[in-house]
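Pasted below: protein-v5.cif, mmCIF, C-alpha atoms and all ligand atoms.
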```cif
data_data
#
loop_
_atom_site.label_atom_id
_atom_site.label_comp_id
_atom_site.auth_asym_id
_atom_site.auth_seq_id
_atom_site.Cartn_x
_atom_site.Cartn_y
_atom_site.Cartn_z
CA MET T 840 -3.61 21.81 5.68
CA ARG T 841 -4.69 18.43 4.39
CA LEU T 842 -2.30 15.49 4.02
CA ALA T 843 -3.29 12.66 1.68
CA VAL T 844 -2.07 9.07 1.73
CA LEU T 845 -2.80 7.02 -1.38
CA LYS T 846 -3.10 3.31 -1.98
CA GLU T 847 -0.08 2.06 -3.94
CA ARG T 848 -1.11 0.72 -7.33
CA ARG T 849 2.19 -0.31 -8.89
CA PRO T 850 2.87 -4.06 -9.28
CA ALA T 851 4.47 -5.96 -6.36
CA GLU T 852 3.91 -3.02 -4.01
CA THR T 853 2.55 -3.93 -0.58
CA ARG T 854 3.71 -0.89 1.38
CA VAL T 855 1.88 2.23 2.50
CA ALA T 856 3.44 5.63 3.19
CA ALA T 857 1.73 6.35 6.53
CA THR T 858 0.71 4.22 9.48
CA PRO T 859 -1.78 4.94 12.27
CA GLU T 860 1.22 5.93 14.41
CA THR T 861 2.40 8.59 11.95
CA VAL T 862 -1.17 9.72 11.22
CA LYS T 863 -1.60 10.60 14.92
CA LYS T 864 1.63 12.61 14.83
CA PHE T 865 0.60 14.47 11.67
CA ILE T 866 -2.69 15.39 13.32
CA ALA T 867 -0.74 16.63 16.36
CA LEU T 868 1.20 18.91 13.99
CA GLY T 869 -2.09 20.52 12.99
CA LEU T 870 -2.80 18.61 9.77
CA THR T 871 -5.97 16.88 8.73
CA VAL T 872 -5.22 13.47 7.25
CA ALA T 873 -7.07 11.60 4.50
CA VAL T 874 -6.18 7.98 3.76
CA GLU T 875 -7.53 6.30 0.65
CA ALA T 876 -9.67 3.26 1.54
CA GLY T 877 -7.65 0.05 1.41
CA ALA T 878 -4.29 1.87 1.40
CA GLY T 879 -2.88 -0.19 4.28
CA VAL T 880 -4.51 -3.54 3.63
CA SER T 881 -1.51 -5.25 2.04
CA ALA T 882 0.71 -3.97 4.87
CA GLY T 883 -1.72 -5.43 7.43
CA ILE T 884 -3.37 -2.12 8.39
CA PRO T 885 -7.17 -2.05 8.06
CA ASP T 886 -8.99 1.22 7.33
CA ALA T 887 -10.52 1.13 10.80
CA GLU T 888 -7.07 1.61 12.37
CA TYR T 889 -6.48 4.77 10.36
CA ALA T 890 -9.94 6.00 11.32
CA ALA T 891 -9.23 5.23 14.99
CA ALA T 892 -6.03 7.28 14.68
CA GLY T 893 -8.09 10.25 13.51
CA ALA T 894 -7.81 10.01 9.72
CA GLU T 895 -10.66 10.45 7.28
CA VAL T 896 -10.89 7.28 5.20
CA ALA T 897 -11.59 8.56 1.67
CA PRO T 898 -13.43 6.24 -0.74
CA ASP T 899 -11.00 6.76 -3.63
CA ALA T 900 -7.87 8.60 -4.74
CA ALA T 901 -9.81 11.61 -6.00
CA ALA T 902 -11.56 12.08 -2.66
CA ALA T 903 -8.30 11.64 -0.71
CA LEU T 904 -6.44 14.14 -2.88
CA ALA T 905 -9.13 16.84 -3.07
CA GLY T 906 -7.64 19.95 -1.47
CA ALA T 907 -4.46 18.17 -0.30
CA GLY T 908 -1.37 20.30 0.42
CA ILE T 909 0.86 17.27 1.13
CA VAL T 910 0.76 13.88 -0.61
CA LEU T 911 2.64 10.87 0.75
CA LYS T 912 3.46 7.94 -1.51
CA ILE T 913 5.84 4.99 -1.51
CA ARG T 914 6.33 4.98 -5.30
CA ALA T 915 5.75 7.65 -7.93
CA PRO T 916 2.08 8.44 -8.58
CA LEU T 917 0.66 6.89 -11.73
CA GLY T 918 0.32 9.19 -14.70
CA ALA T 919 -2.07 9.12 -17.65
CA GLY T 920 -2.21 5.67 -19.24
CA GLU T 921 -0.17 4.00 -16.50
CA GLY T 922 -3.12 2.42 -14.73
CA ALA T 923 -6.81 2.72 -13.98
CA VAL T 924 -6.35 6.01 -12.12
CA ASP T 925 -4.37 9.04 -13.32
CA GLU T 926 -3.15 9.93 -9.83
CA LEU T 927 -0.94 12.77 -11.03
CA ALA T 928 -3.85 14.63 -12.58
CA LEU T 929 -5.66 14.49 -9.22
CA ILE T 930 -2.86 16.07 -7.17
CA PRO T 931 -3.68 19.74 -6.53
CA ARG T 932 -1.29 22.41 -7.86
CA GLY T 933 1.12 23.57 -5.18
CA ALA T 934 1.00 20.29 -3.23
CA LEU T 935 4.20 18.81 -1.79
CA LEU T 936 4.63 15.21 -2.96
CA LEU T 937 7.05 12.92 -1.07
CA GLY T 938 8.03 9.36 -1.94
CA GLN T 939 10.63 7.14 -3.59
CA LEU T 940 9.90 8.75 -6.94
CA GLN T 941 12.80 7.30 -9.00
CA ALA T 942 12.18 10.20 -11.33
CA THR T 943 13.52 10.57 -14.82
CA PRO T 944 14.09 14.08 -16.22
CA GLU T 945 10.78 13.69 -18.09
CA MET T 946 8.96 12.84 -14.85
CA ALA T 947 10.52 15.86 -13.14
CA GLU T 948 9.33 18.08 -15.99
CA GLY T 949 5.87 16.56 -15.63
CA TYR T 950 5.76 17.45 -11.90
CA ALA T 951 6.85 21.00 -12.72
CA ARG T 952 4.19 21.34 -15.40
CA LEU T 953 1.51 20.23 -12.96
CA GLY T 954 2.80 22.63 -10.30
CA ILE T 955 3.63 19.78 -7.89
CA ASP T 956 6.60 20.33 -5.54
CA ALA T 957 8.10 16.84 -5.79
CA GLY T 958 10.53 15.45 -3.20
CA ALA T 959 12.43 12.30 -4.25
CA MET T 960 13.36 10.83 -0.88
CA GLU T 961 15.89 8.40 -2.37
CA LEU T 962 18.09 11.39 -3.23
CA LEU T 963 18.51 12.37 0.42
CA PRO T 964 22.17 13.13 1.15
CA ARG T 965 23.80 10.51 3.36
CA ILE T 966 24.72 12.84 6.18
CA THR T 967 24.26 12.18 9.88
CA ARG T 968 21.41 14.71 10.23
CA ALA T 969 19.46 12.90 7.51
CA GLN T 970 19.87 9.36 8.83
CA SER T 971 16.43 9.14 10.46
CA MET T 972 14.76 10.21 7.18
CA ASP T 973 16.76 7.83 5.00
CA ILE T 974 14.33 5.57 3.16
CA LEU T 975 17.11 3.77 1.26
CA SER T 976 18.68 2.66 4.54
CA SER T 977 15.48 1.71 6.31
CA GLN T 978 14.25 -0.30 3.34
CA ALA T 979 17.62 -1.91 2.52
CA ASN T 980 18.00 -3.05 6.10
CA LEU T 981 14.72 -4.97 5.95
CA ALA T 982 15.47 -6.26 2.44
CA GLY T 983 18.73 -7.75 3.74
CA TYR T 984 16.92 -9.47 6.58
CA ARG T 985 14.14 -10.77 4.35
CA ALA T 986 16.58 -12.06 1.73
CA VAL T 987 18.21 -14.37 4.27
CA ILE T 988 14.87 -15.55 5.65
CA GLU T 989 13.70 -16.41 2.12
CA ALA T 990 17.01 -18.11 1.34
CA ALA T 991 16.57 -20.22 4.48
CA GLY T 992 13.04 -21.09 3.37
CA ALA T 993 14.17 -22.20 -0.08
CA PHE T 994 17.21 -24.12 1.22
CA THR T 995 16.51 -27.77 1.87
CA ARG T 996 19.16 -28.24 4.56
CA GLY T 997 19.49 -25.70 7.37
CA PHE T 998 21.70 -22.84 8.48
CA PRO T 999 23.12 -24.06 11.81
CA MET T 1000 25.27 -27.08 12.39
CA LEU T 1001 22.80 -29.60 13.80
CA MET T 1002 24.28 -32.30 16.01
CA THR T 1003 21.69 -34.96 16.62
CA ALA T 1004 21.60 -38.55 17.79
CA ALA T 1005 21.10 -39.48 14.16
CA GLY T 1006 24.24 -37.67 13.10
CA THR T 1007 25.47 -34.19 12.24
CA ILE T 1008 24.27 -31.80 9.57
CA PRO T 1009 26.92 -29.21 8.69
CA ALA T 1010 26.35 -25.47 8.92
CA ALA T 1011 25.48 -23.67 5.70
CA ASN T 1012 28.16 -21.60 4.01
CA VAL T 1013 26.66 -18.18 3.36
CA PHE T 1014 28.34 -15.58 1.15
CA VAL T 1015 27.07 -11.99 1.10
CA MET T 1016 28.18 -9.86 -1.84
CA GLY T 1017 27.98 -6.13 -1.16
CA ALA T 1018 28.22 -5.13 2.49
CA GLY T 1019 26.26 -1.88 2.57
CA VAL T 1020 23.11 -1.51 4.63
CA ALA T 1021 21.32 -4.55 3.16
CA GLY T 1022 24.44 -6.72 3.11
CA LEU T 1023 25.38 -6.00 6.72
CA GLN T 1024 21.87 -6.90 7.86
CA ALA T 1025 22.05 -10.07 5.73
CA ILE T 1026 25.35 -10.99 7.42
CA ALA T 1027 23.91 -10.38 10.89
CA THR T 1028 20.76 -12.39 10.11
CA ALA T 1029 22.67 -15.30 8.59
CA ARG T 1030 24.97 -15.37 11.63
CA ARG T 1031 22.00 -15.39 13.99
CA LEU T 1032 20.60 -18.37 12.11
CA GLY T 1033 23.89 -20.19 12.61
CA GLY T 1034 25.39 -19.97 9.12
CA ARG T 1035 29.13 -19.83 8.44
CA VAL T 1036 29.24 -16.40 6.88
CA SER T 1037 31.69 -14.62 4.57
CA ALA T 1038 31.24 -11.41 2.63
CA THR T 1039 32.81 -9.14 0.05
CA ASP T 1040 32.68 -5.49 -0.94
CA VAL T 1041 34.81 -3.04 -2.86
CA ARG T 1042 34.69 -0.10 -0.44
CA PRO T 1043 37.65 -0.28 1.94
CA ALA T 1044 35.53 0.65 4.98
CA ALA T 1045 33.34 -2.40 4.42
CA LYS T 1046 36.09 -4.89 5.32
CA GLU T 1047 36.19 -3.89 8.99
CA GLU T 1048 32.39 -3.75 9.16
CA ILE T 1049 32.16 -7.29 7.78
CA LYS T 1050 34.65 -8.54 10.35
CA SER T 1051 32.97 -6.68 13.20
CA LEU T 1052 29.83 -8.73 12.52
CA GLY T 1053 31.79 -11.96 12.85
CA ALA T 1054 31.97 -12.79 9.14
CA SER T 1055 35.16 -13.36 7.18
CA PHE T 1056 36.19 -11.02 4.36
CA VAL T 1057 36.77 -12.47 0.91
CA GLY T 1058 37.83 -10.17 -1.88
CA TYR T 1059 40.38 -8.61 -4.10
CA GLU T 1060 41.97 -5.33 -3.02
CA ASP T 1061 44.30 -3.00 -4.87
CA GLU T 1062 45.03 0.72 -5.21
CA GLU T 1063 41.84 1.19 -7.21
CA SER T 1064 39.58 -0.41 -4.60
CA ARG T 1065 41.28 1.56 -1.83
CA ALA T 1066 39.73 4.66 -3.48
CA ALA T 1067 36.45 2.96 -4.36
CA GLN T 1068 34.19 5.09 -2.16
CA THR T 1069 32.57 8.35 -3.29
CA ALA T 1070 32.28 11.33 -0.95
CA GLY T 1071 28.61 10.36 -0.60
CA GLY T 1072 29.53 6.92 0.79
CA TYR T 1073 28.63 4.94 -2.32
CA ALA T 1074 30.80 2.54 -4.32
CA LYS T 1075 32.37 3.93 -7.47
CA GLN T 1076 32.16 2.27 -10.84
CA LEU T 1077 35.52 0.45 -11.17
CA SER T 1078 37.57 -0.65 -14.16
CA ALA T 1079 36.98 -3.82 -16.18
CA GLU T 1080 40.42 -5.03 -14.98
CA PHE T 1081 39.37 -4.68 -11.35
CA TYR T 1082 36.10 -6.53 -11.90
CA ALA T 1083 37.98 -9.35 -13.68
CA LYS T 1084 40.39 -9.77 -10.75
CA GLN T 1085 37.50 -9.61 -8.26
CA ALA T 1086 35.70 -12.30 -10.29
CA GLU T 1087 38.73 -14.62 -10.10
CA VAL T 1088 38.79 -14.46 -6.30
CA ILE T 1089 35.04 -14.85 -6.03
CA ALA T 1090 34.82 -17.77 -8.47
CA THR T 1091 36.79 -20.19 -6.29
CA HIS T 1092 34.90 -19.10 -3.17
CA ILE T 1093 31.41 -19.32 -4.65
CA ALA T 1094 31.79 -22.94 -5.68
CA LYS T 1095 31.88 -23.85 -1.97
CA GLN T 1096 28.83 -21.81 -0.94
CA ASP T 1097 25.33 -23.05 -0.10
CA ILE T 1098 23.72 -19.62 0.02
CA VAL T 1099 24.75 -16.46 -1.85
CA VAL T 1100 23.03 -13.13 -1.15
CA THR T 1101 23.89 -10.37 -3.62
CA THR T 1102 23.22 -6.72 -2.76
CA ALA T 1103 25.83 -4.79 -4.79
CA LEU T 1104 24.77 -1.47 -6.27
CA VAL T 1105 26.57 1.40 -7.95
CA GLN T 1106 24.50 4.57 -7.69
CA GLY T 1107 22.92 5.71 -10.94
CA ARG T 1108 24.07 2.67 -12.92
CA LYS T 1109 22.98 -0.86 -13.65
CA ALA T 1110 24.02 -3.21 -10.83
CA PRO T 1111 27.37 -4.91 -11.56
CA THR T 1112 27.20 -8.55 -12.68
CA LEU T 1113 29.21 -10.32 -10.00
CA VAL T 1114 27.99 -13.91 -10.38
CA THR T 1115 28.48 -15.30 -13.85
CA GLU T 1116 26.76 -18.26 -15.46
CA ALA T 1117 29.92 -20.33 -14.94
CA MET T 1118 29.96 -19.46 -11.23
CA VAL T 1119 26.34 -20.60 -10.88
CA ALA T 1120 27.22 -23.80 -12.74
CA SER T 1121 30.04 -24.46 -10.23
CA MET T 1122 27.63 -24.46 -7.26
CA LYS T 1123 26.19 -27.60 -5.67
CA PRO T 1124 22.58 -28.68 -6.37
CA GLY T 1125 20.28 -27.34 -3.68
CA SER T 1126 22.23 -24.09 -3.29
CA VAL T 1127 20.25 -20.85 -3.19
CA ILE T 1128 21.12 -17.44 -4.58
CA VAL T 1129 19.12 -14.38 -3.57
CA ASP T 1130 19.59 -11.36 -5.83
CA ILE T 1131 18.34 -8.30 -3.95
CA ALA T 1132 19.76 -6.15 -6.75
CA ALA T 1133 17.29 -7.72 -9.25
CA ASP T 1134 15.34 -4.48 -9.68
CA ALA T 1135 18.55 -2.61 -10.55
CA GLY T 1136 19.48 -5.11 -13.26
CA GLY T 1137 20.73 -7.88 -10.97
CA ASN T 1138 24.13 -9.05 -9.72
CA VAL T 1139 23.63 -12.56 -11.09
CA ALA T 1140 23.79 -13.28 -14.82
CA LEU T 1141 20.96 -15.84 -14.61
CA THR T 1142 18.52 -13.85 -12.47
CA LYS T 1143 15.03 -13.73 -13.93
CA PRO T 1144 13.65 -10.44 -12.60
CA GLY T 1145 10.55 -10.96 -10.50
CA GLU T 1146 10.90 -14.74 -10.43
CA ALA T 1147 12.24 -17.74 -8.55
CA ALA T 1148 14.05 -19.98 -11.03
CA THR T 1149 16.00 -23.21 -10.71
CA THR T 1150 18.97 -23.81 -13.02
CA PRO T 1151 19.65 -27.17 -14.72
CA ASN T 1152 22.30 -27.89 -12.06
CA GLY T 1153 19.73 -27.41 -9.28
CA VAL T 1154 20.59 -23.91 -8.03
CA THR T 1155 17.58 -21.81 -7.05
CA ILE T 1156 17.84 -18.09 -7.84
CA LEU T 1157 15.36 -15.77 -6.15
CA GLY T 1158 15.16 -12.57 -8.18
CA TYR T 1159 11.95 -11.12 -6.79
CA HIS T 1160 11.00 -7.50 -7.28
CA ASN T 1161 10.76 -5.15 -4.35
CA TRP T 1162 12.40 -6.96 -1.44
CA PRO T 1163 11.28 -4.41 1.17
CA GLY T 1164 7.73 -4.98 -0.10
CA ARG T 1165 8.06 -8.64 0.93
CA ILE T 1166 8.10 -7.52 4.54
CA GLY T 1167 5.44 -4.87 4.06
CA ALA T 1168 4.28 -4.16 7.61
CA ALA T 1169 7.78 -3.46 8.92
CA SER T 1170 8.97 -1.63 5.81
CA SER T 1171 5.84 0.57 5.84
CA ALA T 1172 6.37 1.41 9.50
CA LEU T 1173 9.95 2.57 8.85
CA PHE T 1174 9.20 4.35 5.55
CA ALA T 1175 6.32 6.18 7.21
CA ARG T 1176 8.58 7.28 10.09
CA ASN T 1177 11.20 8.49 7.60
CA LEU T 1178 8.58 10.72 5.96
CA LEU T 1179 7.28 11.91 9.33
CA THR T 1180 10.81 12.88 10.39
CA PHE T 1181 11.36 14.79 7.15
CA LEU T 1182 8.16 16.78 7.62
CA THR T 1183 8.67 17.46 11.33
CA THR T 1184 12.24 18.62 10.61
CA PHE T 1185 10.96 21.11 8.05
CA TRP T 1186 7.80 22.20 9.84
CA ASP T 1187 6.58 25.74 10.46
CA LYS T 1188 4.70 25.49 13.76
CA GLU T 1189 3.03 28.88 13.35
CA ALA T 1190 1.79 28.30 9.81
CA LYS T 1191 1.19 24.58 10.48
CA ALA T 1192 2.75 23.86 7.08
CA PRO T 1193 6.04 22.59 5.67
CA LYS T 1194 8.87 25.10 5.40
CA LEU T 1195 11.62 23.95 3.05
CA PRO T 1196 14.61 26.33 3.11
CA ALA T 1197 16.13 26.35 -0.37
CA GLU T 1198 19.68 26.50 1.02
CA ASP T 1199 19.34 23.43 3.29
CA ASP T 1200 21.43 20.47 2.06
CA ILE T 1201 18.64 17.97 2.65
CA VAL T 1202 16.08 20.10 0.81
CA LYS T 1203 18.56 20.70 -2.02
CA GLY T 1204 19.16 16.97 -2.30
CA VAL T 1205 15.54 15.90 -2.33
CA LEU T 1206 13.43 18.59 -4.01
CA LEU T 1207 13.09 18.07 -7.77
CA THR T 1208 10.63 20.83 -8.50
CA ARG T 1209 9.31 23.95 -6.85
CA GLY T 1210 6.74 26.52 -7.91
CA GLY T 1211 6.36 25.01 -11.36
CA ALA T 1212 10.08 24.71 -12.20
CA VAL T 1213 12.62 21.86 -12.11
CA ILE T 1214 15.20 23.03 -9.55
CA HIS T 1215 17.29 19.93 -8.78
CA PRO T 1216 20.80 20.29 -10.25
CA SER T 1217 20.75 16.73 -11.62
CA PHE T 1218 17.40 17.26 -13.36
CA ALA T 1219 17.30 20.95 -14.28
CA PRO T 1220 17.52 21.53 -18.03
CA ALA T 1221 21.01 22.62 -19.11
CA LYS T 1222 21.28 26.40 -19.47
CA ALA T 1223 22.04 27.47 -23.04
P1 LIG O 1 24.41 0.57 -2.01
O1 LIG O 1 23.04 0.05 -1.82
O2 LIG O 1 24.64 1.65 -3.00
O3 LIG O 1 25.35 -0.67 -2.46
C1 LIG O 1 25.39 -1.84 -1.69
C2 LIG O 1 26.82 -2.26 -1.49
O4 LIG O 1 27.33 -2.81 -2.70
C3 LIG O 1 27.80 -1.15 -1.10
O5 LIG O 1 28.40 -1.45 0.12
C4 LIG O 1 28.78 -1.12 -2.25
O6 LIG O 1 30.09 -0.77 -1.84
C5 LIG O 1 28.71 -2.55 -2.73
N1 LIG O 1 29.28 -2.81 -4.07
C6 LIG O 1 29.23 -2.06 -5.19
N2 LIG O 1 29.92 -2.65 -6.19
C7 LIG O 1 30.40 -3.81 -5.69
C8 LIG O 1 31.19 -4.87 -6.24
N3 LIG O 1 31.62 -4.85 -7.48
N4 LIG O 1 31.51 -5.90 -5.43
C9 LIG O 1 31.07 -5.94 -4.15
N5 LIG O 1 30.33 -4.97 -3.58
C10 LIG O 1 30.00 -3.91 -4.34
O7 LIG O 1 25.05 0.99 -0.64
P2 LIG O 1 24.32 1.35 0.73
O8 LIG O 1 23.90 0.11 1.39
O9 LIG O 1 23.30 2.35 0.44
O10 LIG O 1 25.48 1.96 1.63
C11 LIG O 1 26.68 2.55 1.14
C12 LIG O 1 27.43 3.20 2.29
O11 LIG O 1 26.76 4.37 2.75
C13 LIG O 1 27.63 2.33 3.50
O12 LIG O 1 28.91 2.56 4.00
C14 LIG O 1 26.64 2.85 4.48
O13 LIG O 1 27.00 2.60 5.82
C15 LIG O 1 26.68 4.32 4.17
N6 LIG O 1 25.48 5.00 4.62
C16 LIG O 1 25.61 6.16 5.31
C17 LIG O 1 24.47 6.83 5.75
C18 LIG O 1 24.56 8.11 6.53
O14 LIG O 1 25.61 8.46 7.02
N7 LIG O 1 23.46 8.84 6.65
C19 LIG O 1 23.22 6.33 5.45
C20 LIG O 1 23.14 5.14 4.73
C21 LIG O 1 24.27 4.50 4.31
#
```

Rewrite the structure from the file as structure tokens, please.
Ligand code: NAD
Amino acid sequence: MRLAVLKERRPAETRVAATPETVKKFIALGLTVAVEAGAGVSAGIPDAEYAAAGAEVAPDAAAALAGAGIVLKIRAPLGAGEGAVDELALIPRGALLLGQLQATPEMAEGYARLGIDAGAMELLPRITRAQSMDILSSQANLAGYRAVIEAAGAFTRGFPMLMTAAGTIPAANVFVMGAGVAGLQAIATARRLGGRVSATDVRPAAKEEIKSLGASFVGYEDEESRAAQTAGGYAKQLSAEFYAKQAEVIATHIAKQDIVVTTALVQGRKAPTLVTEAMVASMKPGSVIVDIAADAGGNVALTKPGEAATTPNGVTILGYHNWPGRIGAASSALFARNLLTFLTTFWDKEAKAPKLPAEDDIVKGVLLTRGGAVIHPSFAPAKA
């Protein structure tokens, strides 16, 4: 069976879905691997490294996809009119497509129509067995790290307290909003740089995790927030009253911060606005806000998606797209391993092909379409 790896063509995408390391392992499983020329360049992987790992370097997407039974992507393939290449039309019928597809019901129907078995890896259930295939975690972790590094770069003072013969520079006050995977890594990174770190979250479990990393917890808690976690581990959408009380607590704290990193997400919804215009206005000139949630609508009222902007009171807000893509070599390495683990977990050694049991919780969570039909419960058309 042939496995194809395409170059990512969507804007701000630097990652690639396979690395020479995973290519070697796919070949050891009995696959032949085709990598589109230039696929790894923006992640720092030249074609020659894929070739040295045993892959065929195909001149274009059509050549890579010809005869492929498995297609690995970071983002959803481009369809007709979305770019120079209609990648979807080139994917053979019956192929298994894996990536962070962010599919809409219309996209799922499109995959079914084309006979593509599409696996949306971001829908993986958050169970222990799935941890090593979890693209959301691997990518969020690196986004959290990168956010702090970029905040430090944009900040004109420094994170640690610096005691010098010429006098002392105080440590930066760093506030991390949302202490999931990205937020916890942001806390750890900011602590390592010497910042004075505090954090907030609505899920009750997050408070202990924040403290265990040496940061202080700042937040509003009540009966509602004590039940703020879904069975899947995500934060629930909370009431307007709760958000108003949370905002009151945060407002006084934010005015004293030098760096704010926002990572708060509520699954399936627009990111909550946690930092209002008035809160930004209360911050000191030179402060930096990094909004990792920018692609989900942003946690900061003044975020300009995809941009770095400075407010009239001198606060810089970094609202870049695709934070994992800003650390492309590392994020590709982890994404690629997540996909490798998925395929090796569901691998038929005899047939040298994927075997996806319909009753498996991971397969049920990820697979949108199969054999020309939409099968995912969240995407399947309602039965009349
Ligand atoms: P996420 O990306 O959906 O959200 C980021 C954080 O924002 C979450 O911690 C969430 O509680 C927080 N948030 C939402 N609304 C907020 C608000 N109004 N104010 C402040 N914070 C708010 O979450 P995530 O990083 O994907 O992780 C969620 C949980 O799932 C974590 O506990 C994580 O450890 C867990 N997890 C488990 C597994 C597994 O067991 N396989 C894998 C990954 C993550």

Show me which residues line ligand LIG 1 (chain O), defined as having an atom within 6 Å of a ligand atom where all atoms listed in the file count, and present them as a PyMOL selection string.
chain T and resi 965-967+969-970+976+1016-1021+1039-1042+1072-1074+1102-1106+1111

Quick one: of T:Ser1055, T:Ala1169, T:Val844, T:Leu870, who's nearest to Trp1186 in chain T, counting all atoms listed in the file?
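For Trp1186 in chain T, the nearest of the given residues is T:Leu870.
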
Of the listed residues T:Ala900, T:Ala1027, T:Ala1197, T:Ala1175, that which approaches His1215 in chain T most closely, counting all atoms listed in the file:
T:Ala1197

Neighbour list for Ile1026 in chain T as a PyMOL selection string, cut-off 10 Å, all atoms listed in the file, skip fewer than 6 positions in-chain
chain T and resi 983-984+987+1013-1016+1018+1032+1034-1038+1049+1052-1054+1100

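Proximity of T:Arg968, T:Ala928, T:Gly869, T:Ala851 to Tyr950 in chain T, computed with all atoms listed in the file, is greatest for T:Ala928.
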
Which residues are close to Pro1144 in chain T, i.e. within 7 Å by all atoms listed in the file, leaving aside same-chain residues fewer than 5 positions away? Reply as JSON, numbers by chain.
{"T": [1133, 1134, 1158, 1159, 1160]}

Work out where the centre of an axis-aligned box around every listed atom of range 870-882 of chain T lies and how long its edges are once 4 Å is added on each side; give both in Å to one decimal as AutoDock Vina command-line options.
```
--center_x -4.5 --center_y 6.7 --center_z 5.2 --size_x 18.4 --size_y 31.9 --size_z 17.1
```

Report as a PDB file with C-alpha atoms, in the coordinates of the input all protein, DNA and RNA residues lying within 9 Å of Ala1172 in chain T, evaluated on only C-alpha atoms, omitting residues in the same chain fewer than 4 positions from it.
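The resulting file, around_3.pdb, is shown below:
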```pdb
ATOM      1  CA  ARG T 854       3.710  -0.890   1.380  1.00  0.00           C
ATOM      2  CA  VAL T 855       1.880   2.230   2.500  1.00  0.00           C
ATOM      3  CA  ALA T 856       3.440   5.630   3.190  1.00  0.00           C
ATOM      4  CA  ALA T 857       1.730   6.350   6.530  1.00  0.00           C
ATOM      5  CA  THR T 858       0.710   4.220   9.480  1.00  0.00           C
ATOM      6  CA  GLU T 860       1.220   5.930  14.410  1.00  0.00           C
ATOM      7  CA  THR T 861       2.400   8.590  11.950  1.00  0.00           C
ATOM      8  CA  GLY T1167       5.440  -4.870   4.060  1.00  0.00           C
ATOM      9  CA  ALA T1168       4.280  -4.160   7.610  1.00  0.00           C
ATOM     10  CA  ARG T1176       8.580   7.280  10.090  1.00  0.00           C
ATOM     11  CA  ASN T1177      11.200   8.490   7.600  1.00  0.00           C
TER      12      ASN T1177
END
```

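Taking all atoms listed in the file into account, Ile1128 in chain T lies nearest to T:Phe994 out of the set T:Phe865, T:Phe994, T:Tyr889, T:Phe1185.
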
Give me the residues near Gly954 in chain T as a PyMOL selection string, where near means some atom within 8 Å (using all atoms listed in the file) and where sequence neighbours in that chain fewer than 6 positions away do not count.
chain T and resi 932-934+1209-1212

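Distance check against Met972 in chain T using all atoms listed in the file: of T:Lys1050, T:Met960, T:Glu847, T:Ala876, the minimum falls on T:Met960.
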
In Å, rounded to a single decimal, give me how far CA of Ile866 in chain T is from CA of Ala891 in chain T.
12.2 Å

Between T:Met1000, T:Ala897, T:Leu937, T:Ala1070, which is the closest to Ile974 in chain T once you count only C-alpha atoms?
T:Leu937

Using all atoms listed in the file, find all polymer residues with an atom at most 7 Å away from the point (17.5, -6.9, 3.1); report them as a PyMOL selection string.
chain T and resi 979-986+1021-1022+1024-1025+1162-1163

Residues within 12 Å of Leu1141 in chain T, only C-alpha atoms, excluding chain neighbours under 4 positions, as an mmCIF file with C-alpha atoms, in the coordinates of the input:
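Below is the file out_16.cif, written as the result:
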```cif
data_model
loop_
_atom_site.group_PDB
_atom_site.id
_atom_site.type_symbol
_atom_site.label_atom_id
_atom_site.label_comp_id
_atom_site.auth_asym_id
_atom_site.auth_seq_id
_atom_site.Cartn_x
_atom_site.Cartn_y
_atom_site.Cartn_z
ATOM 1 C CA THR T 1112 27.200 -8.550 -12.680
ATOM 2 C CA LEU T 1113 29.210 -10.320 -10.000
ATOM 3 C CA VAL T 1114 27.990 -13.910 -10.380
ATOM 4 C CA THR T 1115 28.480 -15.300 -13.850
ATOM 5 C CA GLU T 1116 26.760 -18.260 -15.460
ATOM 6 C CA ALA T 1117 29.920 -20.330 -14.940
ATOM 7 C CA MET T 1118 29.960 -19.460 -11.230
ATOM 8 C CA VAL T 1119 26.340 -20.600 -10.880
ATOM 9 C CA ALA T 1120 27.220 -23.800 -12.740
ATOM 10 C CA ILE T 1128 21.120 -17.440 -4.580
ATOM 11 C CA VAL T 1129 19.120 -14.380 -3.570
ATOM 12 C CA ASP T 1130 19.590 -11.360 -5.830
ATOM 13 C CA ALA T 1133 17.290 -7.720 -9.250
ATOM 14 C CA GLY T 1136 19.480 -5.110 -13.260
ATOM 15 C CA GLY T 1137 20.730 -7.880 -10.970
ATOM 16 C CA GLU T 1146 10.900 -14.740 -10.430
ATOM 17 C CA ALA T 1147 12.240 -17.740 -8.550
ATOM 18 C CA ALA T 1148 14.050 -19.980 -11.030
ATOM 19 C CA THR T 1149 16.000 -23.210 -10.710
ATOM 20 C CA THR T 1150 18.970 -23.810 -13.020
ATOM 21 C CA PRO T 1151 19.650 -27.170 -14.720
ATOM 22 C CA VAL T 1154 20.590 -23.910 -8.030
ATOM 23 C CA THR T 1155 17.580 -21.810 -7.050
ATOM 24 C CA ILE T 1156 17.840 -18.090 -7.840
ATOM 25 C CA LEU T 1157 15.360 -15.770 -6.150
ATOM 26 C CA GLY T 1158 15.160 -12.570 -8.180
#
```
